[in-house]
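**Student:** Structure file input-v3.cif (mmCIF, C-alpha atoms and all ligand atoms) is given on the next line.
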```cif
data_my_file
#
loop_
_atom_site.group_PDB
_atom_site.id
_atom_site.type_symbol
_atom_site.label_atom_id
_atom_site.label_comp_id
_atom_site.auth_asym_id
_atom_site.auth_seq_id
_atom_site.Cartn_x
_atom_site.Cartn_y
_atom_site.Cartn_z
ATOM 1 C CA MET A 111 0.000 0.000 0.000
ATOM 2 C CA ALA A 112 2.644 2.506 0.981
ATOM 3 C CA ASP A 113 5.614 1.117 -0.918
ATOM 4 C CA LYS A 114 5.442 3.702 -3.683
ATOM 5 C CA MET A 115 4.964 6.694 -1.469
ATOM 6 C CA ASP A 116 7.667 9.186 -0.811
ATOM 7 C CA THR A 117 8.920 9.016 2.718
ATOM 8 C CA GLU A 118 9.062 12.652 3.720
ATOM 9 C CA TRP A 119 7.048 11.659 6.800
ATOM 10 C CA HIS A 120 9.673 9.133 7.898
ATOM 11 C CA ARG A 121 10.623 9.469 11.616
ATOM 12 C CA LYS A 122 9.561 13.123 11.846
ATOM 13 C CA ASP A 123 9.054 14.632 15.282
ATOM 14 C CA TRP A 124 5.529 15.045 16.672
ATOM 15 C CA VAL A 125 3.722 18.221 15.624
ATOM 16 C CA LYS A 126 1.648 19.956 18.245
ATOM 17 C CA VAL A 127 -2.008 20.502 17.451
ATOM 18 C CA ARG A 128 -3.358 22.935 20.053
ATOM 19 C CA GLY A 129 -0.612 21.760 22.388
ATOM 20 C CA VAL A 130 -1.050 17.997 21.800
ATOM 21 C CA PRO A 131 1.834 16.113 20.087
ATOM 22 C CA ILE A 132 0.450 14.371 16.997
ATOM 23 C CA VAL A 133 1.980 12.125 14.327
ATOM 24 C CA TRP A 134 3.501 14.522 11.757
ATOM 25 C CA PRO A 135 1.699 13.302 8.582
ATOM 26 C CA PHE A 136 -1.679 13.349 10.365
ATOM 27 C CA THR A 137 -1.565 17.073 11.010
ATOM 28 C CA PRO A 138 -2.087 18.807 7.619
ATOM 29 C CA ASN A 139 -5.725 19.773 6.928
ATOM 30 C CA TRP A 140 -6.733 19.320 10.541
ATOM 31 C CA GLU A 141 -10.113 20.906 9.601
ATOM 32 C CA ARG A 142 -11.090 17.413 8.413
ATOM 33 C CA ILE A 143 -11.029 16.355 12.088
ATOM 34 C CA ASP A 144 -12.555 19.486 13.603
ATOM 35 C CA HIS A 145 -15.359 19.428 11.041
ATOM 36 C CA PHE A 146 -15.804 15.668 10.898
ATOM 37 C CA ARG A 147 -19.500 14.870 10.573
ATOM 38 C CA ALA A 148 -20.512 12.109 12.913
ATOM 39 C CA ARG A 149 -23.593 9.986 12.361
ATOM 40 C CA GLU A 150 -25.838 9.278 15.316
ATOM 41 C CA ASP A 151 -25.188 5.530 15.128
ATOM 42 C CA ASP A 152 -21.390 5.840 14.960
ATOM 43 C CA ILE A 153 -19.602 3.725 17.552
ATOM 44 C CA VAL A 154 -16.379 5.322 18.676
ATOM 45 C CA ILE A 155 -13.534 3.314 20.178
ATOM 46 C CA ALA A 156 -11.478 5.917 22.010
ATOM 47 C CA THR A 157 -8.210 5.203 23.794
ATOM 48 C CA TYR A 158 -4.821 6.512 24.727
ATOM 49 C CA PRO A 159 -2.421 4.607 22.384
ATOM 50 C CA LYS A 160 -1.468 1.031 23.228
ATOM 51 C CA SER A 161 -4.388 0.487 25.595
ATOM 52 C CA GLY A 162 -6.304 -2.245 23.775
ATOM 53 C CA THR A 163 -7.835 -0.319 20.846
ATOM 54 C CA THR A 164 -7.387 -3.102 18.294
ATOM 55 C CA TRP A 165 -8.711 -5.702 20.684
ATOM 56 C CA MET A 166 -11.824 -3.621 21.441
ATOM 57 C CA SER A 167 -12.278 -2.798 17.738
ATOM 58 C CA GLU A 168 -12.454 -6.486 16.869
ATOM 59 C CA ILE A 169 -14.791 -7.176 19.802
ATOM 60 C CA VAL A 170 -17.162 -4.387 18.695
ATOM 61 C CA ASP A 171 -17.146 -5.636 15.125
ATOM 62 C CA ALA A 172 -17.766 -9.226 16.251
ATOM 63 C CA VAL A 173 -20.641 -8.182 18.531
ATOM 64 C CA LEU A 174 -22.255 -6.111 15.763
ATOM 65 C CA ASN A 175 -21.893 -9.119 13.436
ATOM 66 C CA ASP A 176 -23.514 -11.457 15.999
ATOM 67 C CA GLY A 177 -20.270 -13.427 16.212
ATOM 68 C CA ASP A 178 -20.216 -14.261 12.490
ATOM 69 C CA ILE A 179 -16.463 -14.739 11.990
ATOM 70 C CA GLU A 180 -16.673 -14.744 8.192
ATOM 71 C CA LYS A 181 -18.240 -11.296 8.288
ATOM 72 C CA CYS A 182 -15.536 -10.143 10.697
ATOM 73 C CA GLN A 183 -12.932 -11.215 8.171
ATOM 74 C CA ARG A 184 -14.473 -9.152 5.339
ATOM 75 C CA ASP A 185 -11.655 -6.604 5.601
ATOM 76 C CA VAL A 186 -8.550 -5.691 7.568
ATOM 77 C CA ILE A 187 -9.037 -3.968 10.898
ATOM 78 C CA PHE A 188 -7.615 -0.622 9.767
ATOM 79 C CA GLN A 189 -10.188 -0.420 6.967
ATOM 80 C CA LYS A 190 -13.270 -1.762 8.693
ATOM 81 C CA VAL A 191 -12.519 0.283 11.852
ATOM 82 C CA PRO A 192 -10.728 3.314 10.401
ATOM 83 C CA MET A 193 -8.630 5.534 12.602
ATOM 84 C CA LEU A 194 -10.225 8.948 12.261
ATOM 85 C CA GLU A 195 -7.023 11.024 12.338
ATOM 86 C CA PHE A 196 -4.854 8.619 10.310
ATOM 87 C CA CYS A 197 -3.362 10.000 7.115
ATOM 88 C CA VAL A 198 -0.198 9.507 5.097
ATOM 89 C CA PRO A 199 -0.442 12.139 2.349
ATOM 90 C CA GLY A 200 -0.038 10.670 -1.107
ATOM 91 C CA ALA A 201 -0.253 7.095 0.145
ATOM 92 C CA VAL A 202 -3.053 6.292 2.558
ATOM 93 C CA PRO A 203 -6.285 8.304 2.312
ATOM 94 C CA PRO A 204 -7.336 10.067 5.490
ATOM 95 C CA GLY A 205 -9.344 7.978 7.935
ATOM 96 C CA SER A 206 -12.049 10.640 7.783
ATOM 97 C CA GLU A 207 -12.472 10.010 4.022
ATOM 98 C CA LEU A 208 -12.553 6.259 4.483
ATOM 99 C CA LEU A 209 -15.200 6.702 7.171
ATOM 100 C CA ASN A 210 -17.345 8.802 4.848
ATOM 101 C CA SER A 211 -17.430 5.879 2.417
ATOM 102 C CA LEU A 212 -18.571 3.294 4.981
ATOM 103 C CA SER A 213 -22.152 2.311 5.623
ATOM 104 C CA SER A 214 -23.665 2.678 9.082
ATOM 105 C CA PRO A 215 -23.166 1.807 11.823
ATOM 106 C CA ARG A 216 -19.555 2.907 11.412
ATOM 107 C CA ARG A 217 -16.886 1.780 13.846
ATOM 108 C CA VAL A 218 -14.496 4.671 14.450
ATOM 109 C CA LYS A 219 -11.092 4.355 16.107
ATOM 110 C CA THR A 220 -9.403 7.402 17.620
ATOM 111 C CA HIS A 221 -6.709 8.294 20.123
ATOM 112 C CA LEU A 222 -7.691 11.964 20.237
ATOM 113 C CA PRO A 223 -7.920 13.437 23.736
ATOM 114 C CA ILE A 224 -11.025 15.375 24.761
ATOM 115 C CA SER A 225 -9.442 18.685 23.706
ATOM 116 C CA LEU A 226 -9.229 17.498 20.072
ATOM 117 C CA PHE A 227 -12.342 15.326 19.984
ATOM 118 C CA PRO A 228 -14.634 16.381 17.101
ATOM 119 C CA LYS A 229 -17.638 18.267 18.464
ATOM 120 C CA SER A 230 -19.977 16.350 16.178
ATOM 121 C CA PHE A 231 -19.561 13.146 18.232
ATOM 122 C CA TRP A 232 -20.987 14.990 21.255
ATOM 123 C CA ASP A 233 -23.713 16.694 19.223
ATOM 124 C CA MET A 234 -24.850 13.328 17.857
ATOM 125 C CA ASN A 235 -24.563 11.670 21.282
ATOM 126 C CA CYS A 236 -22.579 8.811 19.702
ATOM 127 C CA LYS A 237 -21.759 5.711 21.709
ATOM 128 C CA ILE A 238 -18.159 5.852 22.874
ATOM 129 C CA ILE A 239 -16.262 2.870 24.267
ATOM 130 C CA TYR A 240 -13.174 4.022 26.121
ATOM 131 C CA VAL A 241 -10.469 1.516 27.061
ATOM 132 C CA ALA A 242 -7.782 2.464 29.581
ATOM 133 C CA ARG A 243 -4.633 0.545 30.555
ATOM 134 C CA ASN A 244 -2.125 1.042 33.351
ATOM 135 C CA PRO A 245 0.602 3.538 32.402
ATOM 136 C CA LYS A 246 3.569 1.219 33.008
ATOM 137 C CA ASP A 247 2.401 -1.360 30.475
ATOM 138 C CA VAL A 248 1.258 1.418 28.112
ATOM 139 C CA ALA A 249 4.737 2.963 28.194
ATOM 140 C CA VAL A 250 6.452 -0.373 27.489
ATOM 141 C CA SER A 251 4.069 -1.125 24.623
ATOM 142 C CA PHE A 252 4.389 2.434 23.249
ATOM 143 C CA TYR A 253 8.189 2.250 23.346
ATOM 144 C CA HIS A 254 8.186 -0.935 21.269
ATOM 145 C CA PHE A 255 5.590 0.551 18.929
ATOM 146 C CA ASP A 256 7.735 3.656 18.398
ATOM 147 C CA THR A 257 10.676 1.450 17.420
ATOM 148 C CA MET A 258 8.671 -0.256 14.648
ATOM 149 C CA ASN A 259 6.390 2.585 13.478
ATOM 150 C CA ASN A 260 8.202 4.792 10.984
ATOM 151 C CA LEU A 261 5.518 7.477 11.263
ATOM 152 C CA HIS A 262 6.739 8.179 14.796
ATOM 153 C CA PRO A 263 9.970 9.793 15.926
ATOM 154 C CA TRP A 264 12.585 7.325 17.158
ATOM 155 C CA PRO A 265 11.906 6.760 20.884
ATOM 156 C CA GLY A 266 15.543 7.016 21.999
ATOM 157 C CA ALA A 267 17.105 5.080 24.850
ATOM 158 C CA ARG A 268 14.753 3.477 27.348
ATOM 159 C CA GLU A 269 15.809 5.733 30.252
ATOM 160 C CA GLU A 270 15.200 8.792 28.112
ATOM 161 C CA TYR A 271 11.860 7.388 26.979
ATOM 162 C CA VAL A 272 10.565 6.953 30.531
ATOM 163 C CA GLU A 273 11.118 10.661 31.164
ATOM 164 C CA LYS A 274 9.518 11.617 27.831
ATOM 165 C CA PHE A 275 6.471 9.525 28.650
ATOM 166 C CA LEU A 276 6.124 10.953 32.147
ATOM 167 C CA ARG A 277 6.354 14.499 30.747
ATOM 168 C CA GLY A 278 3.705 13.695 28.131
ATOM 169 C CA ASN A 279 6.198 14.269 25.353
ATOM 170 C CA VAL A 280 4.878 11.313 23.349
ATOM 171 C CA GLY A 281 2.129 10.916 20.774
ATOM 172 C CA TYR A 282 -1.247 12.242 22.001
ATOM 173 C CA GLY A 283 0.326 13.894 25.050
ATOM 174 C CA PRO A 284 0.026 12.948 28.706
ATOM 175 C CA TRP A 285 -1.530 9.611 29.621
ATOM 176 C CA GLY A 286 -2.995 11.041 32.863
ATOM 177 C CA THR A 287 -4.964 13.818 31.164
ATOM 178 C CA HIS A 288 -6.364 11.411 28.588
ATOM 179 C CA VAL A 289 -7.656 8.762 30.994
ATOM 180 C CA LYS A 290 -8.931 11.269 33.575
ATOM 181 C CA GLU A 291 -10.828 13.503 31.158
ATOM 182 C CA PHE A 292 -12.800 10.627 29.651
ATOM 183 C CA TRP A 293 -13.395 9.233 33.155
ATOM 184 C CA ALA A 294 -14.816 12.583 34.302
ATOM 185 C CA LEU A 295 -17.217 12.679 31.342
ATOM 186 C CA ARG A 296 -18.399 9.089 31.455
ATOM 187 C CA GLN A 297 -21.586 9.697 33.425
ATOM 188 C CA LYS A 298 -22.607 12.836 31.542
ATOM 189 C CA ARG A 299 -22.013 11.328 28.118
ATOM 190 C CA ASN A 300 -22.703 8.100 26.298
ATOM 191 C CA ILE A 301 -19.420 6.496 27.388
ATOM 192 C CA LEU A 302 -18.685 2.898 28.405
ATOM 193 C CA TYR A 303 -15.362 3.068 30.270
ATOM 194 C CA LEU A 304 -13.456 -0.231 30.391
ATOM 195 C CA PHE A 305 -10.021 -1.415 31.475
ATOM 196 C CA TYR A 306 -7.541 -3.568 29.570
ATOM 197 C CA GLU A 307 -6.674 -5.423 32.784
ATOM 198 C CA ASP A 308 -10.353 -6.346 33.339
ATOM 199 C CA MET A 309 -10.548 -7.600 29.752
ATOM 200 C CA LEU A 310 -7.570 -9.866 30.398
ATOM 201 C CA GLU A 311 -9.009 -11.087 33.686
ATOM 202 C CA ASP A 312 -12.449 -11.990 32.338
ATOM 203 C CA PRO A 313 -12.924 -11.287 28.631
ATOM 204 C CA LYS A 314 -16.440 -12.719 28.509
ATOM 205 C CA ARG A 315 -17.639 -10.455 31.328
ATOM 206 C CA GLU A 316 -16.257 -7.375 29.568
ATOM 207 C CA ILE A 317 -17.569 -8.448 26.143
ATOM 208 C CA ARG A 318 -20.988 -8.807 27.743
ATOM 209 C CA LYS A 319 -20.771 -5.168 28.880
ATOM 210 C CA VAL A 320 -19.991 -4.154 25.287
ATOM 211 C CA MET A 321 -22.905 -6.243 24.034
ATOM 212 C CA THR A 322 -25.351 -4.578 26.445
ATOM 213 C CA PHE A 323 -24.007 -1.104 25.634
ATOM 214 C CA LEU A 324 -24.507 -1.782 21.924
ATOM 215 C CA GLY A 325 -28.064 -2.975 22.540
ATOM 216 C CA LYS A 326 -27.412 -6.562 21.459
ATOM 217 C CA ASP A 327 -28.488 -9.816 23.050
ATOM 218 C CA LEU A 328 -26.192 -12.698 22.152
ATOM 219 C CA SER A 329 -26.285 -16.268 23.395
ATOM 220 C CA GLU A 330 -23.603 -17.734 25.653
ATOM 221 C CA ASP A 331 -22.314 -19.780 22.701
ATOM 222 C CA VAL A 332 -21.905 -16.681 20.562
ATOM 223 C CA LEU A 333 -20.139 -14.879 23.412
ATOM 224 C CA ASP A 334 -17.774 -17.845 23.783
ATOM 225 C CA LYS A 335 -17.108 -17.735 20.053
ATOM 226 C CA ILE A 336 -16.299 -14.006 20.247
ATOM 227 C CA CYS A 337 -13.953 -14.624 23.207
ATOM 228 C CA LEU A 338 -12.060 -17.191 21.184
ATOM 229 C CA HIS A 339 -11.975 -15.078 18.023
ATOM 230 C CA THR A 340 -10.640 -12.049 19.936
ATOM 231 C CA SER A 341 -8.111 -13.904 22.109
ATOM 232 C CA PHE A 342 -4.551 -12.642 21.802
ATOM 233 C CA LYS A 343 -3.441 -15.857 20.113
ATOM 234 C CA ALA A 344 -6.225 -15.775 17.524
ATOM 235 C CA MET A 345 -5.741 -12.066 16.774
ATOM 236 C CA LYS A 346 -1.972 -12.484 16.491
ATOM 237 C CA GLU A 347 -2.419 -15.255 13.918
ATOM 238 C CA ASN A 348 -5.212 -13.486 12.020
ATOM 239 C CA PRO A 349 -3.932 -11.305 9.141
ATOM 240 C CA THR A 350 -7.075 -9.164 9.296
ATOM 241 C CA THR A 351 -6.220 -8.124 12.866
ATOM 242 C CA ASN A 352 -2.425 -8.361 13.195
ATOM 243 C CA TYR A 353 -1.566 -5.458 10.873
ATOM 244 C CA THR A 354 0.747 -7.578 8.686
ATOM 245 C CA PRO A 355 -1.058 -6.368 5.500
ATOM 246 C CA LEU A 356 0.017 -2.793 6.295
ATOM 247 C CA SER A 357 3.198 -1.837 4.446
ATOM 248 C CA SER A 358 6.431 -2.479 6.318
ATOM 249 C CA ALA A 359 7.447 1.022 5.173
ATOM 250 C CA ILE A 360 4.992 2.191 7.843
ATOM 251 C CA MET A 361 5.113 -0.551 10.483
ATOM 252 C CA ASP A 362 8.158 -2.759 10.398
ATOM 253 C CA GLN A 363 7.066 -5.846 12.291
ATOM 254 C CA SER A 364 10.522 -7.393 11.961
ATOM 255 C CA VAL A 365 11.595 -4.785 14.557
ATOM 256 C CA SER A 366 8.701 -5.506 16.937
ATOM 257 C CA PRO A 367 5.377 -7.214 16.186
ATOM 258 C CA PHE A 368 2.155 -5.216 16.523
ATOM 259 C CA MET A 369 0.689 -8.103 18.529
ATOM 260 C CA ARG A 370 3.619 -8.152 20.909
ATOM 261 C CA LYS A 371 2.791 -9.834 24.253
ATOM 262 C CA GLY A 372 -0.737 -8.902 25.233
ATOM 263 C CA ILE A 373 -0.228 -9.278 28.976
ATOM 264 C CA CYS A 374 -0.395 -7.233 32.155
ATOM 265 C CA GLY A 375 2.818 -6.668 34.123
ATOM 266 C CA ASP A 376 5.318 -6.806 31.270
ATOM 267 C CA TRP A 377 6.749 -3.575 32.748
ATOM 268 C CA LYS A 378 8.391 -5.756 35.413
ATOM 269 C CA SER A 379 10.740 -7.167 32.759
ATOM 270 C CA HIS A 380 11.579 -3.721 31.399
ATOM 271 C CA PHE A 381 11.812 -1.179 34.218
ATOM 272 C CA THR A 382 14.555 -0.764 36.747
ATOM 273 C CA VAL A 383 13.445 -0.287 40.355
ATOM 274 C CA SER A 384 14.024 3.449 40.082
ATOM 275 C CA GLN A 385 12.071 3.732 36.818
ATOM 276 C CA SER A 386 9.202 1.863 38.407
ATOM 277 C CA GLU A 387 9.351 4.245 41.381
ATOM 278 C CA ARG A 388 9.287 7.268 39.038
ATOM 279 C CA PHE A 389 6.095 5.835 37.552
ATOM 280 C CA ASP A 390 4.606 5.202 41.003
ATOM 281 C CA GLU A 391 5.255 8.806 41.967
ATOM 282 C CA TYR A 392 3.750 10.060 38.681
ATOM 283 C CA TYR A 393 0.732 7.802 39.111
ATOM 284 C CA GLN A 394 0.086 8.947 42.712
ATOM 285 C CA ASN A 395 0.195 12.590 41.627
ATOM 286 C CA GLU A 396 -2.032 12.036 38.612
ATOM 287 C CA MET A 397 -4.654 10.060 40.501
ATOM 288 C CA ALA A 398 -4.683 12.204 43.659
ATOM 289 C CA GLY A 399 -8.283 13.177 44.394
ATOM 290 C CA SER A 400 -9.651 10.934 41.646
ATOM 291 C CA ASP A 401 -11.730 7.787 42.077
ATOM 292 C CA LEU A 402 -10.090 6.322 38.989
ATOM 293 C CA SER A 403 -7.579 3.557 39.689
ATOM 294 C CA PHE A 404 -5.565 0.991 37.759
ATOM 295 C CA ARG A 405 -4.178 -2.456 38.326
ATOM 296 C CA PHE A 406 -0.535 -3.084 37.496
ATOM 297 C CA MET A 407 -0.711 -6.872 37.852
ATOM 298 C CA VAL A 408 -3.616 -9.204 37.105
HETATM 299 S S1 LIG A 501 -2.662 1.166 18.965
HETATM 300 O O1 LIG A 501 -1.529 1.128 17.994
HETATM 301 O O2 LIG A 501 -2.517 2.319 19.864
HETATM 302 O O3 LIG A 501 -3.955 1.156 18.306
HETATM 303 O O4 LIG A 501 -2.477 -0.146 19.833
HETATM 304 P P1 LIG A 501 -3.597 -0.838 20.719
HETATM 305 O O5 LIG A 501 -4.369 -1.767 19.888
HETATM 306 O O6 LIG A 501 -4.325 0.176 21.532
HETATM 307 O O7 LIG A 501 -2.722 -1.650 21.769
HETATM 308 C C1 LIG A 501 -1.826 -2.649 21.373
HETATM 309 C C2 LIG A 501 -1.580 -3.505 22.593
HETATM 310 O O8 LIG A 501 -2.718 -4.347 22.814
HETATM 311 C C3 LIG A 501 -2.309 -5.710 22.759
HETATM 312 N N1 LIG A 501 -3.397 -6.538 22.230
HETATM 313 C C4 LIG A 501 -4.018 -7.495 22.940
HETATM 314 N N2 LIG A 501 -3.853 -7.898 24.210
HETATM 315 C C5 LIG A 501 -4.619 -8.936 24.642
HETATM 316 N N3 LIG A 501 -5.525 -9.565 23.871
HETATM 317 C C6 LIG A 501 -5.723 -9.189 22.577
HETATM 318 N N4 LIG A 501 -6.611 -9.827 21.839
HETATM 319 C C7 LIG A 501 -4.943 -8.106 22.069
HETATM 320 N N5 LIG A 501 -4.868 -7.484 20.870
HETATM 321 C C8 LIG A 501 -3.918 -6.533 20.986
HETATM 322 C C9 LIG A 501 -1.085 -5.666 21.868
HETATM 323 O O9 LIG A 501 -0.326 -6.847 21.988
HETATM 324 C C10 LIG A 501 -0.387 -4.425 22.417
HETATM 325 O O10 LIG A 501 0.141 -4.631 23.722
HETATM 326 P P2 LIG A 501 1.641 -5.127 24.023
HETATM 327 O O11 LIG A 501 1.825 -4.917 25.499
HETATM 328 O O12 LIG A 501 2.555 -4.266 23.207
HETATM 329 O O13 LIG A 501 1.678 -6.563 23.651
#
```
Kindly present the structure from the file in structure tokens form.
Ligand code: PPS
**Tutor:**
Amino acid sequence: MADKMDTEWHRKDWVKVRGVPIVWPFTPNWERIDHFRAREDDIVIATYPKSGTTWMSEIVDAVLNDGDIEKCQRDVIFQKVPMLEFCVPGAVPPGSELLNSLSSPRRVKTHLPISLFPKSFWDMNCKIIYVARNPKDVAVSFYHFDTMNNLHPWPGAREEYVEKFLRGNVGYGPWGTHVKEFWALRQKRNILYLFYEDMLEDPKREIRKVMTFLGKDLSEDVLDKICLHTSFKAMKENPTTNYTPLSSAIMDQSVSPFMRKGICGDWKSHFTVSQSERFDEYYQNEMAGSDLSFRFMV
């Protein structure tokens, strides 16, 4: 797909959009995001990066298709659940354009924080499924993703990366702001707020919450089928969900696979004691006075 494109976007630094660091090639013509026209039956999967977006996207699609796996495999995940802000000029059409061509109900993926969220989603009262993950595992996953994703700046050494992450100097800005702002809005808006760690602990329970939120009623057998189809192993082996059809000019999976480990607590194998303590301190400050909390081991 992207083999013929020029690579002027290769490893460019983030560009700030109203203060939020965004992937460089996504930023031209930002009006397409601000003026994006939602439809009232759009289902938005909103996350901070590396928090379980792809997993939730496949779950939503499977629930909407009543667990029909053939239907789920009609297209690759990045085309059937387009990422709203995605764009590689001259190579991959903007996610917003792709979305305009899809029939309803559209499944929309985005990492945009509240400050950049298109107003139309609120005006249309769209259903939003937010997935949050603990910041230590997010940072480890994001670091590996930055090493293989040529649209992102090179992450640098691990020690340096920890500080960048804690300062919010990574794609989509600070983790704490992202998870807290959606949490604060969840009761006022049409938001189902879920946690990656809960999905790992009991996928069927969490899929059932998605089913109810989407107004579906599926049998236990269908739910079991969806659990199996969206397990890490199945999604890693499935070319429609593992991103292998995306050009290696964009994501080089020989550096690090998109479906990397899919566990909770991988940070233990990556952080030094002092890095882990830096995160603990950051986490305490971010969550002070909030009733939002995360699990770092399941
Ligand atoms: S992205 O690029 O921001 O959209 O990435 P995202 O999909 O949010 O997160 C990728 C991480 O989710 C893991 N993953 C899964 N874990 C468990 N089960 C399933 N089915 C699953 N699918 C994806 C993926 O492996 C990334 O986490 P890490 O820790 O890097 O393995």
**Student:** With only C-alpha atoms as the basis for distance, which of A:Ser230, A:Gly162, A:Ile132, A:Asn352 is at the shortest distance from Ile187 in chain A?
**Tutor:**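 Using only C-alpha atoms, the shortest distance to Ile187 in chain A belongs to A:Asn352.
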**Student:** With all atoms listed in the file as the basis for distance, which of A:Lys160, A:Arg299, A:Lys346, A:Lys126 is at the shortest distance from ligand LIG 501 (chain A)?
**Tutor:** A:Lys160
**Student:** Quick one: apply the PyMOL selection byres (((chain A and resi 268) around 12) and not hetatm) to the file and drop the selected residues here as an MDAnalysis selection string.
**Tutor:** chainID A and resid 249:254 256:257 264:267 269:275 377 380:382 385
**Student:** So that I have them on file, write out the residues from the current selection with C-alpha atoms, as an mmCIF file, keeping the file's coordinate frame.
**Tutor:**
```
data_model
loop_
_atom_site.group_PDB
_atom_site.id
_atom_site.type_symbol
_atom_site.label_atom_id
_atom_site.label_comp_id
_atom_site.auth_asym_id
_atom_site.auth_seq_id
_atom_site.Cartn_x
_atom_site.Cartn_y
_atom_site.Cartn_z
ATOM 1 C CA ALA A 249 4.737 2.963 28.194
ATOM 2 C CA VAL A 250 6.452 -0.373 27.489
ATOM 3 C CA SER A 251 4.069 -1.125 24.623
ATOM 4 C CA PHE A 252 4.389 2.434 23.249
ATOM 5 C CA TYR A 253 8.189 2.250 23.346
ATOM 6 C CA HIS A 254 8.186 -0.935 21.269
ATOM 7 C CA ASP A 256 7.735 3.656 18.398
ATOM 8 C CA THR A 257 10.676 1.450 17.420
ATOM 9 C CA TRP A 264 12.585 7.325 17.158
ATOM 10 C CA PRO A 265 11.906 6.760 20.884
ATOM 11 C CA GLY A 266 15.543 7.016 21.999
ATOM 12 C CA ALA A 267 17.105 5.080 24.850
ATOM 13 C CA GLU A 269 15.809 5.733 30.252
ATOM 14 C CA GLU A 270 15.200 8.792 28.112
ATOM 15 C CA TYR A 271 11.860 7.388 26.979
ATOM 16 C CA VAL A 272 10.565 6.953 30.531
ATOM 17 C CA GLU A 273 11.118 10.661 31.164
ATOM 18 C CA LYS A 274 9.518 11.617 27.831
ATOM 19 C CA PHE A 275 6.471 9.525 28.650
ATOM 20 C CA TRP A 377 6.749 -3.575 32.748
ATOM 21 C CA HIS A 380 11.579 -3.721 31.399
ATOM 22 C CA PHE A 381 11.812 -1.179 34.218
ATOM 23 C CA THR A 382 14.555 -0.764 36.747
ATOM 24 C CA GLN A 385 12.071 3.732 36.818
#
```
**Student:** Given the PyMOL selection byres (((chain A and resi 393) around 12) and not hetatm) and the file above, list the residues it selects as a list in words.
**Tutor:**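 Applied to this file, the PyMOL selection byres (((chain A and resi 393) around 12) and not hetatm) selects Asn244, Pro245, Lys246, Leu276, Pro284, Trp285, Gly286, Thr287, Val289, Lys290, Ser386, Glu387, Arg388, Phe389, Asp390, Glu391, Tyr392, Gln394, Asn395, Glu396, Met397, Ala398, Gly399, Ser400, Leu402, Ser403, Phe404, Arg405 and Phe406 of chain A.
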**Student:** Using all atoms listed in the file, can you tell me which of A:Ile179, A:Ile153, A:Val191, A:Ala148 comes closest to Leu338 in chain A?
**Tutor:** A:Ile179
**Student:** Would you mind telling me which residue in A:Cys236, A:Leu174, A:Thr157, A:Asp247 lies nearest to His221 in chain A when using all atoms listed in the file?
**Tutor:**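 Checking each of A:Cys236, A:Leu174, A:Thr157, A:Asp247 against His221 in chain A, counting all atoms listed in the file, the winner is A:Thr157.
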**Student:** Would you kindly translate the PyMOL selection byres (((not hetatm)) within 8 of (chain A and resi 501)) into the concrete residues it picks from this file, as a ChimeraX atom specification?
**Tutor:** /A:157-166,221,247-248,250-252,254-255,306,309-310,340-346,368-374,376
